[in-house]
file run-v2.csv (CSV, C-alpha atoms and all ligand atoms)
chain,number,residue,atom,x,y,z
A,1,MET,CA,-77.1,-27.8,203.4
A,2,GLU,CA,-76.7,-24.2,202.3
A,3,LEU,CA,-75.4,-21.0,203.8
A,4,LYS,CA,-77.9,-18.3,202.8
A,5,ASN,CA,-76.1,-15.3,204.0
A,6,LEU,CA,-73.1,-14.1,206.1
A,7,LYS,CA,-72.6,-11.1,208.3
A,8,LEU,CA,-69.2,-10.1,209.7
A,9,HIS,CA,-68.4,-7.5,212.3
A,10,HIS,CA,-64.7,-6.7,213.1
A,11,PHE,CA,-63.6,-10.0,211.7
A,12,ARG,CA,-60.0,-9.8,210.3
A,13,ASN,CA,-60.0,-7.0,207.7
A,14,TYR,CA,-63.8,-6.9,207.5
A,15,THR,CA,-65.2,-4.1,209.6
A,16,ASP,CA,-68.8,-4.8,208.4
A,17,LEU,CA,-69.9,-7.2,205.8
A,18,ASP,CA,-73.3,-8.4,204.7
A,19,LEU,CA,-73.6,-10.9,201.8
A,20,SER,CA,-76.2,-13.2,200.3
A,21,PHE,CA,-75.2,-16.4,198.5
A,22,GLN,CA,-76.6,-18.7,196.0
A,23,PRO,CA,-76.9,-22.5,196.3
A,24,GLY,CA,-74.4,-23.3,193.6
A,25,VAL,CA,-70.9,-21.9,193.2
A,26,ASN,CA,-70.0,-18.6,194.8
A,27,VAL,CA,-66.7,-17.2,193.4
A,28,PHE,CA,-64.5,-14.6,195.1
A,29,LEU,CA,-62.0,-12.9,192.9
A,30,GLY,CA,-59.3,-10.6,194.1
A,31,GLU,CA,-55.7,-9.7,194.3
A,32,ASN,CA,-53.3,-10.8,197.1
A,33,ALA,CA,-54.0,-9.8,200.6
A,34,GLN,CA,-57.5,-8.4,200.0
A,35,GLY,CA,-59.4,-10.8,202.3
A,36,LYS,CA,-60.3,-13.9,200.2
A,37,THR,CA,-58.9,-16.4,202.7
A,38,ASN,CA,-60.2,-14.2,205.6
A,39,LEU,CA,-63.7,-14.6,204.2
A,40,LEU,CA,-63.5,-18.4,203.9
A,41,GLU,CA,-62.0,-18.5,207.3
A,42,SER,CA,-65.0,-16.7,208.7
A,43,ILE,CA,-67.3,-19.3,207.2
A,44,TYR,CA,-65.1,-22.1,208.6
A,45,ALA,CA,-65.1,-20.4,212.1
A,46,LEU,CA,-68.9,-20.0,211.9
A,47,ALA,CA,-69.2,-23.8,211.4
A,48,LEU,CA,-66.4,-25.1,213.7
A,49,THR,CA,-65.9,-22.3,216.3
A,50,ARG,CA,-62.3,-22.0,215.3
A,51,SER,CA,-60.0,-21.1,212.5
A,52,HIS,CA,-58.4,-23.5,210.1
A,53,ARG,CA,-55.2,-21.5,210.0
A,54,THR,CA,-54.6,-20.2,213.5
A,55,ASN,CA,-54.9,-21.6,217.0
A,56,ASN,CA,-55.2,-18.1,218.4
A,57,ASP,CA,-58.7,-16.8,218.3
A,58,ARG,CA,-57.4,-13.3,218.9
A,59,ASP,CA,-56.0,-13.2,215.4
A,60,LEU,CA,-59.6,-13.3,214.1
A,61,ILE,CA,-60.5,-9.9,215.7
A,62,GLU,CA,-59.9,-6.8,213.6
A,63,TRP,CA,-56.8,-5.0,214.8
A,64,GLY,CA,-57.6,-2.5,217.5
A,65,GLU,CA,-61.1,-4.0,218.1
A,66,LYS,CA,-62.3,-6.1,221.1
A,67,GLU,CA,-64.8,-8.5,219.6
A,68,ALA,CA,-65.4,-10.2,216.3
A,69,THR,CA,-68.8,-11.5,215.3
A,70,VAL,CA,-69.8,-13.9,212.5
A,71,SER,CA,-73.3,-14.9,211.8
A,72,GLY,CA,-75.4,-16.5,209.1
A,73,ARG,CA,-78.5,-18.4,208.2
A,74,VAL,CA,-78.2,-22.1,207.4
A,75,ALA,CA,-80.8,-23.8,205.3
A,76,HIS,CA,-81.3,-27.5,206.1
A,77,ARG,CA,-83.8,-30.0,204.7
A,78,TYR,CA,-86.1,-29.1,207.6
A,79,GLY,CA,-85.9,-25.4,207.6
A,80,GLU,CA,-83.6,-22.5,208.3
A,81,THR,CA,-81.5,-21.8,211.4
A,82,PRO,CA,-79.7,-18.6,212.3
A,83,ILE,CA,-76.4,-19.2,214.0
A,84,SER,CA,-73.8,-16.8,215.3
A,85,LEU,CA,-70.5,-16.8,217.0
A,86,SER,CA,-68.4,-14.1,218.6
A,87,PHE,CA,-64.8,-14.1,219.7
A,88,SER,CA,-63.4,-11.8,222.4
A,89,SER,CA,-60.8,-11.9,225.1
A,90,LYS,CA,-63.4,-13.5,227.3
A,91,GLY,CA,-63.6,-16.5,225.0
A,92,LYS,CA,-66.2,-17.5,222.4
A,93,HIS,CA,-69.9,-17.3,222.5
A,94,ALA,CA,-72.2,-19.4,220.3
A,95,ARG,CA,-75.9,-18.9,219.5
A,96,VAL,CA,-78.3,-21.1,217.6
A,97,ASN,CA,-81.8,-19.6,216.9
A,98,HIS,CA,-80.7,-16.7,219.0
A,99,LEU,CA,-80.3,-19.0,222.0
A,100,ASP,CA,-76.9,-19.1,223.9
A,101,GLN,CA,-75.2,-22.5,223.6
A,102,SER,CA,-73.2,-23.3,226.7
A,103,ARG,CA,-71.4,-26.2,225.1
A,104,LEU,CA,-69.6,-25.7,221.8
A,105,SER,CA,-69.9,-29.4,221.0
A,106,ASP,CA,-73.7,-28.8,220.9
A,107,TYR,CA,-73.2,-26.0,218.4
A,108,ILE,CA,-70.8,-27.7,216.0
A,109,GLY,CA,-72.7,-29.7,213.4
A,110,GLN,CA,-75.2,-26.9,212.6
A,111,LEU,CA,-73.2,-26.0,209.5
A,112,ASN,CA,-71.0,-28.8,208.0
A,113,ILE,CA,-67.9,-27.6,206.2
A,114,ILE,CA,-65.2,-29.2,204.2
A,115,VAL,CA,-62.3,-26.9,203.4
A,116,PHE,CA,-59.8,-27.6,200.6
A,117,ALA,CA,-56.8,-25.2,200.6
A,118,PRO,CA,-53.3,-25.7,199.1
A,119,GLU,CA,-52.0,-26.8,202.5
A,120,ASP,CA,-54.5,-29.7,202.3
A,121,LEU,CA,-52.5,-31.1,199.4
A,122,ALA,CA,-50.0,-31.8,202.1
A,123,LEU,CA,-52.5,-34.1,203.9
A,124,VAL,CA,-50.7,-37.0,202.6
A,125,LYS,CA,-47.2,-35.8,203.1
A,126,GLY,CA,-47.5,-33.7,206.2
A,127,SER,CA,-46.8,-34.7,209.8
A,128,PRO,CA,-49.2,-37.2,211.7
A,129,SER,CA,-50.7,-34.2,213.6
A,130,VAL,CA,-52.1,-32.9,210.3
A,131,ARG,CA,-53.9,-36.2,209.6
A,132,ARG,CA,-55.1,-36.5,213.2
A,133,ARG,CA,-56.5,-33.0,213.0
A,134,PHE,CA,-58.2,-33.8,209.7
A,135,ILE,CA,-59.9,-36.9,211.3
A,136,ASP,CA,-61.0,-34.9,214.4
A,137,MET,CA,-62.4,-32.0,212.4
A,138,GLU,CA,-64.2,-33.9,209.7
A,139,PHE,CA,-65.5,-36.8,211.7
A,140,GLY,CA,-66.3,-34.5,214.7
A,141,GLN,CA,-68.8,-32.6,212.5
A,142,MET,CA,-70.6,-35.8,211.6
A,143,ASN,CA,-70.6,-37.5,214.9
A,144,PRO,CA,-71.3,-35.7,218.2
A,145,ALA,CA,-70.4,-38.8,220.3
A,146,TYR,CA,-66.9,-38.7,218.7
A,147,LEU,CA,-66.5,-35.0,219.3
A,148,HIS,CA,-67.4,-35.6,223.0
A,149,ASN,CA,-65.1,-38.5,223.4
A,150,THR,CA,-62.1,-36.8,221.8
A,151,SER,CA,-62.5,-33.7,224.0
A,152,LEU,CA,-62.9,-35.9,227.1
A,153,TYR,CA,-59.8,-37.8,226.0
A,154,ARG,CA,-57.8,-34.6,225.6
A,155,GLN,CA,-58.9,-33.4,229.0
A,156,VAL,CA,-58.0,-36.6,230.8
A,157,LEU,CA,-54.7,-36.8,228.9
A,158,LYS,CA,-53.8,-33.4,230.1
A,159,GLU,CA,-54.6,-34.3,233.7
A,160,ARG,CA,-52.7,-37.6,233.5
A,161,ASN,CA,-49.6,-35.9,232.0
A,162,ALA,CA,-49.6,-33.3,234.8
A,163,TYR,CA,-49.9,-36.1,237.4
A,164,LEU,CA,-47.1,-38.1,235.7
A,165,LYS,CA,-45.0,-35.0,235.9
A,166,ARG,CA,-45.6,-34.8,239.6
A,167,LEU,CA,-44.6,-38.5,240.0
A,168,GLN,CA,-41.5,-37.9,237.9
A,169,LEU,CA,-40.5,-35.0,240.2
A,170,LYS,CA,-41.3,-37.1,243.2
A,171,GLN,CA,-43.8,-34.5,244.4
A,172,THR,CA,-46.1,-37.4,245.1
A,173,GLN,CA,-45.8,-41.2,245.5
A,174,ASP,CA,-49.5,-42.0,245.2
A,175,ARG,CA,-50.1,-44.4,242.3
A,176,VAL,CA,-53.8,-44.9,243.1
A,177,PHE,CA,-54.8,-41.6,241.6
A,178,LEU,CA,-52.7,-42.5,238.5
A,179,ASP,CA,-54.8,-45.7,238.2
A,180,VAL,CA,-58.0,-43.6,238.3
A,181,LEU,CA,-56.8,-41.4,235.5
A,182,THR,CA,-55.6,-44.4,233.6
A,183,ASP,CA,-59.1,-46.0,233.8
A,184,GLN,CA,-60.6,-42.8,232.4
A,185,LEU,CA,-58.0,-42.5,229.7
A,186,VAL,CA,-58.6,-46.1,228.5
A,187,GLU,CA,-62.3,-45.6,228.5
A,188,ALA,CA,-62.4,-42.5,226.4
A,189,GLY,CA,-59.4,-43.5,224.3
A,190,SER,CA,-60.7,-46.9,223.3
A,191,LYS,CA,-63.9,-45.3,222.0
A,192,VAL,CA,-61.9,-42.8,220.0
A,193,ILE,CA,-59.8,-45.6,218.5
A,194,ALA,CA,-62.9,-47.7,217.6
A,195,ALA,CA,-64.6,-44.7,216.0
A,196,ARG,CA,-61.5,-43.7,214.0
A,197,ALA,CA,-61.0,-47.2,212.7
A,198,ASP,CA,-64.6,-47.2,211.4
A,199,PHE,CA,-64.3,-43.7,209.9
A,200,ILE,CA,-61.0,-44.4,208.1
A,201,LYS,CA,-62.4,-47.6,206.7
A,202,ARG,CA,-65.5,-45.9,205.3
A,203,LEU,CA,-63.4,-43.0,204.1
A,204,ALA,CA,-61.2,-45.4,202.2
A,205,GLU,CA,-64.2,-47.2,200.6
A,206,ALA,CA,-65.6,-43.8,199.5
A,207,ALA,CA,-62.2,-42.6,198.2
A,208,GLN,CA,-61.3,-45.7,196.2
A,209,PRO,CA,-63.7,-45.3,193.2
A,210,ILE,CA,-62.9,-41.6,193.0
A,211,HIS,CA,-59.2,-42.2,193.1
A,212,ALA,CA,-59.5,-45.0,190.4
A,213,GLU,CA,-61.3,-42.5,188.2
A,214,VAL,CA,-58.9,-39.6,188.7
A,215,SER,CA,-55.9,-41.9,188.0
A,216,ASP,CA,-57.6,-43.4,184.9
A,217,GLN,CA,-57.9,-46.8,186.6
A,218,ARG,CA,-54.2,-47.1,186.9
A,219,GLU,CA,-53.9,-46.9,190.6
A,220,GLN,CA,-55.5,-48.4,193.7
A,221,LEU,CA,-55.8,-46.3,196.9
A,222,ASP,CA,-56.0,-47.5,200.4
A,223,LEU,CA,-55.9,-46.0,203.9
A,224,ALA,CA,-54.2,-47.8,206.8
A,225,TYR,CA,-55.0,-46.7,210.3
A,226,LYS,CA,-51.9,-46.7,212.5
A,227,THR,CA,-52.7,-46.9,216.2
A,228,LEU,CA,-51.4,-48.7,219.3
A,229,VAL,CA,-53.5,-51.8,218.5
A,230,SER,CA,-52.1,-53.7,215.5
A,231,SER,CA,-54.9,-55.8,214.1
A,232,PRO,CA,-55.5,-56.5,210.4
A,233,ASP,CA,-59.1,-55.4,210.9
A,234,LEU,CA,-59.6,-53.1,213.8
A,235,THR,CA,-63.3,-52.6,212.9
A,236,ALA,CA,-63.9,-56.2,213.8
A,237,MET,CA,-62.8,-55.6,217.4
A,238,SER,CA,-65.1,-54.5,220.2
A,239,VAL,CA,-64.4,-51.4,222.2
A,240,ASP,CA,-63.7,-53.7,225.2
A,241,GLU,CA,-61.1,-55.6,223.3
A,242,ILE,CA,-59.5,-52.3,222.2
A,243,ALA,CA,-59.6,-51.1,225.8
A,244,GLU,CA,-57.8,-54.3,227.0
A,245,GLU,CA,-55.0,-53.8,224.5
A,246,PHE,CA,-54.7,-50.1,225.4
A,247,ARG,CA,-54.4,-50.9,229.1
A,248,ALA,CA,-51.8,-53.6,228.4
A,249,ALA,CA,-49.8,-51.1,226.3
A,250,LEU,CA,-49.9,-48.6,229.1
A,251,ASN,CA,-48.9,-51.2,231.7
A,252,ARG,CA,-45.9,-52.1,229.6
A,253,GLN,CA,-44.8,-48.4,229.6
A,254,ALA,CA,-45.7,-47.7,233.3
A,255,GLU,CA,-42.2,-47.2,234.6
A,256,ARG,CA,-41.0,-45.3,231.6
A,257,GLU,CA,-44.0,-43.0,231.7
A,258,ILE,CA,-43.1,-41.9,235.2
A,259,LEU,CA,-39.5,-41.5,234.2
A,260,MET,CA,-40.5,-39.3,231.2
A,261,GLY,CA,-43.3,-37.6,233.0
A,262,THR,CA,-45.8,-38.1,230.1
A,263,THR,CA,-48.3,-40.5,228.5
A,264,LEU,CA,-46.4,-42.5,226.0
A,265,VAL,CA,-49.2,-44.5,224.3
A,266,GLY,CA,-52.6,-43.6,223.1
A,267,PRO,CA,-54.7,-42.2,220.3
A,268,HIS,CA,-53.0,-38.8,220.7
A,269,ARG,CA,-50.2,-40.5,218.7
A,270,ASP,CA,-52.4,-42.0,216.0
A,271,ASP,CA,-51.8,-41.6,212.3
A,272,PHE,CA,-53.0,-43.1,209.0
A,273,GLN,CA,-51.0,-44.0,206.0
A,274,VAL,CA,-52.1,-43.4,202.5
A,275,LEU,CA,-51.2,-46.3,200.2
A,276,VAL,CA,-51.2,-46.2,196.4
A,277,ASN,CA,-50.8,-49.7,194.9
A,278,ASP,CA,-49.7,-50.8,198.4
A,279,ASN,CA,-46.9,-48.3,198.7
A,280,ASP,CA,-46.9,-45.4,201.2
A,281,VAL,CA,-47.5,-42.5,198.8
A,282,ALA,CA,-45.9,-40.0,201.3
A,283,VAL,CA,-42.6,-41.8,200.8
A,284,PHE,CA,-42.8,-43.3,197.4
A,285,GLY,CA,-45.3,-41.2,195.5
A,286,SER,CA,-44.7,-38.4,193.0
A,287,GLN,CA,-46.1,-35.0,193.8
A,288,GLY,CA,-48.9,-35.7,191.3
A,289,GLN,CA,-49.8,-39.0,193.0
A,290,GLN,CA,-49.9,-37.2,196.3
A,291,ARG,CA,-52.3,-34.6,195.0
A,292,THR,CA,-54.5,-37.1,193.4
A,293,ALA,CA,-54.7,-39.0,196.7
A,294,ALA,CA,-55.5,-35.8,198.6
A,295,LEU,CA,-58.1,-34.8,196.1
A,296,ALA,CA,-59.8,-38.2,196.2
A,297,ILE,CA,-59.9,-38.2,200.0
A,298,LYS,CA,-61.4,-34.7,200.1
A,299,LEU,CA,-64.1,-35.6,197.5
A,300,ALA,CA,-64.8,-38.8,199.5
A,301,GLU,CA,-65.5,-36.8,202.6
A,302,ILE,CA,-68.3,-34.9,200.7
A,303,ASP,CA,-70.0,-38.2,200.0
A,304,LEU,CA,-69.3,-39.6,203.5
A,305,MET,CA,-70.8,-36.5,205.2
A,306,ARG,CA,-73.8,-36.8,203.0
A,307,ALA,CA,-74.2,-40.5,204.0
A,308,GLU,CA,-73.7,-39.7,207.7
A,309,THR,CA,-75.8,-36.6,208.1
A,310,GLY,CA,-78.3,-36.9,205.1
A,311,GLU,CA,-77.1,-33.6,203.6
A,312,TYR,CA,-74.2,-32.4,201.6
A,313,PRO,CA,-71.7,-30.1,203.4
A,314,VAL,CA,-70.7,-26.7,202.3
A,315,LEU,CA,-67.3,-26.7,200.5
A,316,LEU,CA,-64.6,-24.1,200.8
A,317,LEU,CA,-62.0,-24.1,198.0
A,318,ASP,CA,-59.3,-21.6,198.8
A,319,ASP,CA,-57.1,-20.9,195.8
A,320,VAL,CA,-56.9,-24.6,195.1
A,321,LEU,CA,-57.7,-24.7,191.4
A,322,SER,CA,-54.5,-23.1,190.5
A,323,GLU,CA,-52.7,-25.9,192.2
A,324,LEU,CA,-54.4,-28.6,190.2
A,325,ASP,CA,-53.8,-29.5,186.5
A,326,ALA,CA,-56.7,-29.3,184.1
A,327,SER,CA,-57.7,-32.9,184.5
A,328,ARG,CA,-57.8,-32.7,188.3
A,329,GLN,CA,-59.7,-29.4,188.1
A,330,THR,CA,-62.2,-31.1,185.9
A,331,HIS,CA,-62.7,-34.0,188.3
A,332,LEU,CA,-63.2,-31.7,191.2
A,333,LEU,CA,-65.6,-29.3,189.4
A,334,LEU,CA,-67.7,-32.1,188.0
A,335,ALA,CA,-67.9,-33.8,191.4
A,336,ILE,CA,-69.4,-30.8,193.1
A,337,GLN,CA,-71.6,-29.6,190.2
A,338,ASP,CA,-75.2,-29.1,191.0
A,339,LYS,CA,-75.1,-30.7,194.5
A,340,VAL,CA,-72.6,-28.9,196.8
A,341,GLN,CA,-72.8,-25.3,197.7
A,342,THR,CA,-69.2,-24.0,197.1
A,343,PHE,CA,-67.3,-21.0,198.0
A,344,LEU,CA,-64.3,-20.6,195.8
A,345,THR,CA,-61.5,-18.1,195.8
A,346,ALA,CA,-59.0,-17.3,193.1
A,347,PRO,CA,-57.0,-14.4,191.7
A,348,SER,CA,-58.9,-15.1,188.4
A,349,LEU,CA,-60.8,-18.0,186.9
A,350,SER,CA,-59.1,-20.6,184.7
A,351,GLU,CA,-60.5,-21.5,181.4
A,352,VAL,CA,-61.5,-24.9,182.7
A,353,ALA,CA,-63.4,-23.3,185.6
A,354,ARG,CA,-65.2,-20.9,183.3
A,355,GLN,CA,-66.4,-23.7,181.2
A,356,LEU,CA,-67.4,-26.1,184.0
A,357,ILE,CA,-69.0,-23.9,186.7
A,358,THR,CA,-72.6,-23.3,185.7
A,359,GLU,CA,-73.7,-19.8,186.4
A,360,PRO,CA,-71.4,-18.8,189.2
A,361,LYS,CA,-72.3,-15.9,191.5
A,362,VAL,CA,-69.2,-13.7,191.2
A,363,PHE,CA,-67.9,-11.4,194.0
A,364,HIS,CA,-65.0,-9.0,193.8
A,365,VAL,CA,-62.8,-8.7,197.0
A,366,ASN,CA,-61.0,-5.5,197.5
A,367,ALA,CA,-59.4,-4.4,200.8
A,368,GLY,CA,-62.0,-5.8,203.1
A,369,LYS,CA,-65.0,-4.8,200.9
A,370,ILE,CA,-66.9,-7.2,198.7
A,371,GLU,CA,-69.1,-6.4,195.8
A,372,ALA,CA,-71.3,-8.8,193.9
A,373,GLU,CA,-71.0,-8.7,190.1
A,374,SER,CA,-74.4,-8.1,188.5
A,375,PRO,CA,-75.6,-11.2,186.5
A,376,GLN,CA,-74.6,-11.1,182.8
A,401,LIG,N1,-56.9,-9.3,212.6
A,401,LIG,C1,-56.8,-8.6,211.5
A,401,LIG,N2,-57.3,-7.3,211.4
A,401,LIG,C2,-57.2,-6.6,210.3
A,401,LIG,N3,-56.6,-7.0,209.2
A,401,LIG,C3,-56.1,-8.2,209.1
A,401,LIG,C4,-56.2,-9.1,210.3
A,401,LIG,N4,-55.6,-10.3,210.0
A,401,LIG,C5,-55.2,-10.2,208.7
A,401,LIG,N5,-55.5,-8.9,208.2
A,401,LIG,C6,-55.3,-8.5,206.8
A,401,LIG,O1,-55.8,-9.4,205.9
A,401,LIG,C7,-54.9,-9.5,204.9
A,401,LIG,C8,-54.8,-10.9,204.3
A,401,LIG,O2,-56.0,-11.3,203.8
A,401,LIG,P1,-56.2,-12.7,203.2
A,401,LIG,O3,-55.3,-13.7,203.8
A,401,LIG,O4,-57.6,-13.0,203.2
A,401,LIG,O5,-55.7,-12.4,201.7
A,401,LIG,P2,-56.1,-13.2,200.4
A,401,LIG,O6,-57.0,-12.3,199.6
A,401,LIG,O7,-56.5,-14.5,200.7
A,401,LIG,O8,-54.7,-13.1,199.7
A,401,LIG,P3,-53.9,-14.3,198.9
A,401,LIG,O9,-54.4,-14.2,197.5
A,401,LIG,O10,-52.5,-13.8,198.9
A,401,LIG,O11,-54.1,-15.6,199.5
A,401,LIG,C9,-53.5,-9.2,205.4
A,401,LIG,O12,-52.7,-8.5,204.5
A,401,LIG,C10,-53.8,-8.4,206.6
A,401,LIG,O13,-53.5,-7.0,206.3
A,402,MG,MG,-55.5,-16.4,200.5

call {"tool": "encode", "arguments": {"input": "run-v2.csv", "output": "structure tokens", "more": "lines below"}}
Ligand SMILES: Nc1ncnc2c1ncn2[C@@H]1O[C@H](COP(=O)(O)OP(=O)(O)OP(=O)(O)O)[C@@H](O)[C@H]1O
Ligand SMILES: [Mg+2]
result
Amino acid sequence: MELKNLKLHHFRNYTDLDLSFQPGVNVFLGENAQGKTNLLESIYALALTRSHRTNNDRDLIEWGEKEATVSGRVAHRYGETPISLSFSSKGKHARVNHLDQSRLSDYIGQLNIIVFAPEDLALVKGSPSVRRRFIDMEFGQMNPAYLHNTSLYRQVLKERNAYLKRLQLKQTQDRVFLDVLTDQLVEAGSKVIAARADFIKRLAEAAQPIHAEVSDQREQLDLAYKTLVSSPDLTAMSVDEIAEEFRAALNRQAEREILMGTTLVGPHRDDFQVLVNDNDVAVFGSQGQQRTAALAIKLAEIDLMRAETGEYPVLLLDDVLSELDASRQTHLLLAIQDKVQTFLTAPSLSEVARQLITEPKVFHVNAGKIEAESPQ
């Protein structure tokens, strides 16, 4: 998959921008605060209808303006599709082939993206919410059913929490409606758990050989899904079996949930552990080991997305090379070479990058303006 061009209107510090890209590596060089991350953020938003660094869409609109628009043409195996997205105080508006999309979950998946920024090196060490978000964002792009079930789960969870709050405050005594919400929560939640178990297993399988290579065969990576069901192999369980355990866990907490006024068990509390040679690398690993694990997981996603959708995703690398040593830079650049369209930002290119990136298209970013360097 390839993003052929990009147009921005009132997006962050870009009043108007119109760029064409090449299939290989597109490099954006510039000083601090010129708009490099803003540019990658616009591509991420075009793909996923949201930013990877803010929860407030309003931040995306140029200061003093009312509406931001991002559009581009995506080339697939089966042709080209124009997509566009606009953000305003009224919400967001998505179009595919110039046709309005009423459901954002129908829109997501047109352009598949993997982003790798310095914060992602914290994937291993960050809070569980970082890893849940990672699963939801990456897996959601590959699997529309998953996207649907997670958003349904979130919706029911919100409703159930609001109702538990009312029971807590004794505004109601009616437990029948709680049972209805519990049924809905269990149904959506057990599908989410089954899908995550499967995803994490396949991600681990794809990451293992990469990790072995980056660590010179010295280390063995594994990912362990932590959820309310404790089973040595969750992928061997049916959705119904998971649902049964989920319901039993909720039953055990029933009185406490009313006391606390919130849902105490469920996939909204999930996490996964990253193990290196059977030890939790977040706790026992060196910074280098944590980076190697994060890099292997990111690279594995590229292969997984290809396996799942039949096409390579587009890769966004925001200032990440400077955070990696020469050997890890080499692994990363060789892994994407000649197969993954990449958008890479940096203050300047390292020696390793200059040698390994074949014919990059270079752009210079300066205060919300971007100019393409003429080919040498
Ligand atoms: N909504 C907005 N409207 C206008 N300008 C904005 C908006 N949001 C951010 N900016 C400007 O964009 C600049 C930051 O751009 P960006 O984060 O892309 O920098 P960068 O080139 O990635 O820098 P660094 O190398 O430090 O990461 C800020 O200094 C700010 O002035
Ligand atoms: Mg930046």

call {"tool": "residues_near_ligand", "arguments": {"input": "run-v2.csv", "ligand": "ligand LIG 401 (chain A)", "cutoff": "7 Å", "atoms": "all atoms listed in the file", "output": "ChimeraX atom specification"}}
result
/A:11-13,30-39,59-63,347

call {"tool": "write_last_selection", "arguments": {"input": "run-v2.csv", "atoms": "C-alpha atoms", "output": "PDB file, keeping the file's coordinate frame"}}
result
ATOM      1  CA  PHE A  11     -63.600 -10.000 211.700  1.00  0.00           C
ATOM      2  CA  ARG A  12     -60.000  -9.800 210.300  1.00  0.00           C
ATOM      3  CA  ASN A  13     -60.000  -7.000 207.700  1.00  0.00           C
ATOM      4  CA  GLY A  30     -59.300 -10.600 194.100  1.00  0.00           C
ATOM      5  CA  GLU A  31     -55.700  -9.700 194.300  1.00  0.00           C
ATOM      6  CA  ASN A  32     -53.300 -10.800 197.100  1.00  0.00           C
ATOM      7  CA  ALA A  33     -54.000  -9.800 200.600  1.00  0.00           C
ATOM      8  CA  GLN A  34     -57.500  -8.400 200.000  1.00  0.00           C
ATOM      9  CA  GLY A  35     -59.400 -10.800 202.300  1.00  0.00           C
ATOM     10  CA  LYS A  36     -60.300 -13.900 200.200  1.00  0.00           C
ATOM     11  CA  THR A  37     -58.900 -16.400 202.700  1.00  0.00           C
ATOM     12  CA  ASN A  38     -60.200 -14.200 205.600  1.00  0.00           C
ATOM     13  CA  LEU A  39     -63.700 -14.600 204.200  1.00  0.00           C
ATOM     14  CA  ASP A  59     -56.000 -13.200 215.400  1.00  0.00           C
ATOM     15  CA  LEU A  60     -59.600 -13.300 214.100  1.00  0.00           C
ATOM     16  CA  ILE A  61     -60.500  -9.900 215.700  1.00  0.00           C
ATOM     17  CA  GLU A  62     -59.900  -6.800 213.600  1.00  0.00           C
ATOM     18  CA  TRP A  63     -56.800  -5.000 214.800  1.00  0.00           C
ATOM     19  CA  PRO A 347     -57.000 -14.400 191.700  1.00  0.00           C
TER      20      PRO A 347
END

call {"tool": "atom_distance", "arguments": {"input": "run-v2.csv", "atom1": "atom CA of A:Gly24", "atom2": "atom CA of A:Gln355"}}
result
14.8 Å

call {"tool": "atom_distance", "arguments": {"input": "run-v2.csv", "atom1": "atom CA of A:Met260", "atom2": "atom CA of A:Asn149"}}
result
25.8 Å

call {"tool": "atom_distance", "arguments": {"input": "run-v2.csv", "atom1": "atom CA of A:Ser322", "atom2": "atom CA of A:Glu41"}}
result
19.0 Å

call {"tool": "residues_around", "arguments": {"input": "run-v2.csv", "residues": "A:Arg269", "least_positions_apart": "3", "cutoff": "8 Å", "atoms": "all atoms listed in the file", "output": "short mmCIF file (atom, residue, chain, number, x, y, z; two decimals) with C-alpha atoms, in the frame of the given file"}}
result
data_model
loop_
_atom_site.label_atom_id
_atom_site.label_comp_id
_atom_site.auth_asym_id
_atom_site.auth_seq_id
_atom_site.Cartn_x
_atom_site.Cartn_y
_atom_site.Cartn_z
CA PRO A 128 -49.20 -37.20 211.70
CA THR A 227 -52.70 -46.90 216.20
CA VAL A 265 -49.20 -44.50 224.30
CA GLY A 266 -52.60 -43.60 223.10
#

call {"tool": "residues_around", "arguments": {"input": "run-v2.csv", "residues": "A:Glu80", "least_positions_apart": "3", "cutoff": "12 Å", "atoms": "only C-alpha atoms", "output": "PyMOL selection string"}}
result
chain A and resi 1-5+72-77+83+96-97+110-111

call {"tool": "closest_residue", "arguments": {"input": "run-v2.csv", "among": "A:Thr309, A:Thr345, A:Asn143, A:Gln253", "to": "ligand MG 402 (chain A)", "atoms": "all atoms listed in the file"}}
result
A:Thr345
